[in-house]
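Okay, structure first, notes after.
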Amino acid sequence: MPSTIRVRATASGERTEVQALVQHPMESGFVKDSNGQTIPPHYIEVLTFEHDGKVLLTAYWGPAVSKDPYVKFAFAGGKKGDELKVNWTDNLGKSDSLAAKIL
Amino acid sequence: MPDRHANPDAPADPARRAVLQLLAAAGLIALGTGRAAAAVPGWPEEAFRKTSQADALAALYGKPLEMSDKVTLQVPEIAENGAVVPVSVGTTLPNVTSVTLLVPENPNTLAASFKFGPGVAPAVSCRLKMAKTSPVIAVVESDGRLFGVSKEVKVTLGGCGG
């Protein structure tokens, strides 16, 4: 099964820029389907980025983050070929993770 | 005699049914408590439930917010689609440990909160849903104090659902 996470991390000099896209419905729990039934909330609560055994960024998200979330940030100290670990967990306890190489 | 296990239409005896119902109830209870225990550690549940900016910030940080021109917030002036509103925050402030985004007119004010590790540039971009026209407030925690900026986004099509 393909990963829900797509990440692109590029190092240039000291700075590594990270862009990530996650496939997730991010249902808010406020929306009704065509039969008038409320679609239960289903959203990512925590997304983390790790490099060299340290957590770079922890995102705490609620239902107001858009479907198929996108996040972009940058950090110092990454090198080409280093591993970047991405992990998310949602409100239903589902999760996914991915290890990507810095380009 | 037909195998009852293979035939779902066969009447189950009452005792067996009672046991099954009990098991199902126990399962539901286990699911309920399991869910509470499984809430991702560190996720600020209380802050995410709040409907006012002040309450959400109090639950998340418990300290006062001052407005600052050292925090930059990039948002569209007009969002045609409230389901996908691009938001970028940056700052020239030192020692940034977190950035929080609030949308006061959404059903729950707190949209996202980012914790920054050492060496991470104090800037982050993401995309938020907006139910209707509202300010977007970016809060930066720098040296343990809170600095914020607010910008109005006009939403032409509400997007709490996409």
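Following the order of the structure tokens, first chain is A, next is B, and so on, with residues numbered from 1 inside each chain and ligands from 1 in the order they appear.
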
Checklist entry - Taking only C-alpha atoms into account, what are the residues of chain B at most 7 Å from chain A, put as a list in words? => result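 Within 7 Å of chain A on chain B, we get Ala38, Ala39, Val40, Trp43, Phe48, Ala83, Val84, Ala111, Ala112, Ser113, Phe114, Lys115, Phe116, Gly117, Gly119, Val120, Ala121, Ala123, Val124, Ser125, Cys126, Arg127, Leu128, Lys129, Cys160 and Gly161 of chain B.
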
Checklist entry - Which residues come within 10 Å of Pro76 in chain B, counting only C-alpha atoms, excluding same-chain residues fewer than 6 positions away, as a list of chain:residue names? => result B:Val85, B:Pro86, B:Val87, B:Lys151, B:Glu152, B:Val153, B:Lys154, B:Val155

Would you write out those residues with N, CA and C atoms, as an mmCIF file, in the first residue's frame?
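Final output, saved to selection-v4.cif:
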data_model
loop_
_atom_site.group_PDB
_atom_site.id
_atom_site.type_symbol
_atom_site.label_atom_id
_atom_site.label_comp_id
_atom_site.auth_asym_id
_atom_site.auth_seq_id
_atom_site.Cartn_x
_atom_site.Cartn_y
_atom_site.Cartn_z
ATOM 1 N N VAL B 85 -7.366 27.555 2.842
ATOM 2 C CA VAL B 85 -6.830 28.907 2.969
ATOM 3 C C VAL B 85 -5.352 28.797 3.341
ATOM 4 N N PRO B 86 -4.465 29.194 2.421
ATOM 5 C CA PRO B 86 -3.034 29.082 2.733
ATOM 6 C C PRO B 86 -2.604 30.106 3.786
ATOM 7 N N VAL B 87 -1.850 29.649 4.765
ATOM 8 C CA VAL B 87 -1.408 30.501 5.872
ATOM 9 C C VAL B 87 0.097 30.307 6.068
ATOM 10 N N LYS B 151 -4.973 39.118 11.037
ATOM 11 C CA LYS B 151 -5.329 39.609 9.704
ATOM 12 C C LYS B 151 -6.677 39.040 9.305
ATOM 13 N N GLU B 152 -7.500 39.906 8.730
ATOM 14 C CA GLU B 152 -8.834 39.474 8.320
ATOM 15 C C GLU B 152 -8.775 38.759 6.964
ATOM 16 N N VAL B 153 -9.490 37.655 6.860
ATOM 17 C CA VAL B 153 -9.635 36.959 5.578
ATOM 18 C C VAL B 153 -11.120 36.926 5.234
ATOM 19 N N LYS B 154 -11.469 37.494 4.073
ATOM 20 C CA LYS B 154 -12.863 37.451 3.627
ATOM 21 C C LYS B 154 -13.101 36.127 2.917
ATOM 22 N N VAL B 155 -14.082 35.385 3.419
ATOM 23 C CA VAL B 155 -14.364 34.078 2.831
ATOM 24 C C VAL B 155 -15.656 34.174 2.023
#

Checklist entry - Can you list, as a ChimeraX atom specification, every protein, DNA or RNA residue that comes within 9 Å of Ser68 in chain B when you count only C-alpha atoms, leaving out same-chain residues fewer than 3 positions away? => result /B:71-72,147-149

Next, dump the selected residues to file, keeping only C-alpha atoms, as an mmCIF file, in the first residue's frame.
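Ended up saving to out_14.cif:
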data_model
loop_
_atom_site.group_PDB
_atom_site.id
_atom_site.type_symbol
_atom_site.label_atom_id
_atom_site.label_comp_id
_atom_site.auth_asym_id
_atom_site.auth_seq_id
_atom_site.Cartn_x
_atom_site.Cartn_y
_atom_site.Cartn_z
ATOM 1 C CA VAL B 71 5.378 38.539 13.639
ATOM 2 C CA THR B 72 4.469 38.261 9.969
ATOM 3 C CA PHE B 147 3.471 37.758 20.476
ATOM 4 C CA GLY B 148 0.705 37.880 17.912
ATOM 5 C CA VAL B 149 -0.629 39.374 14.742
#

Item to check | strand (DSSP E) residues, from DSSP on the backbone, in range 28-85 of chain A, as a ChimeraX atom specification | outcome: /A:44-51,54-61,70-76,83-85

Checklist entry - Quick one: distance from CA of Glu14 in chain A to CA of Asp82 in chain A in Å, one decimal? => result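 Straight-line distance from CA of Glu14 in chain A to CA of Asp82 in chain A works out to 13.1 Å.
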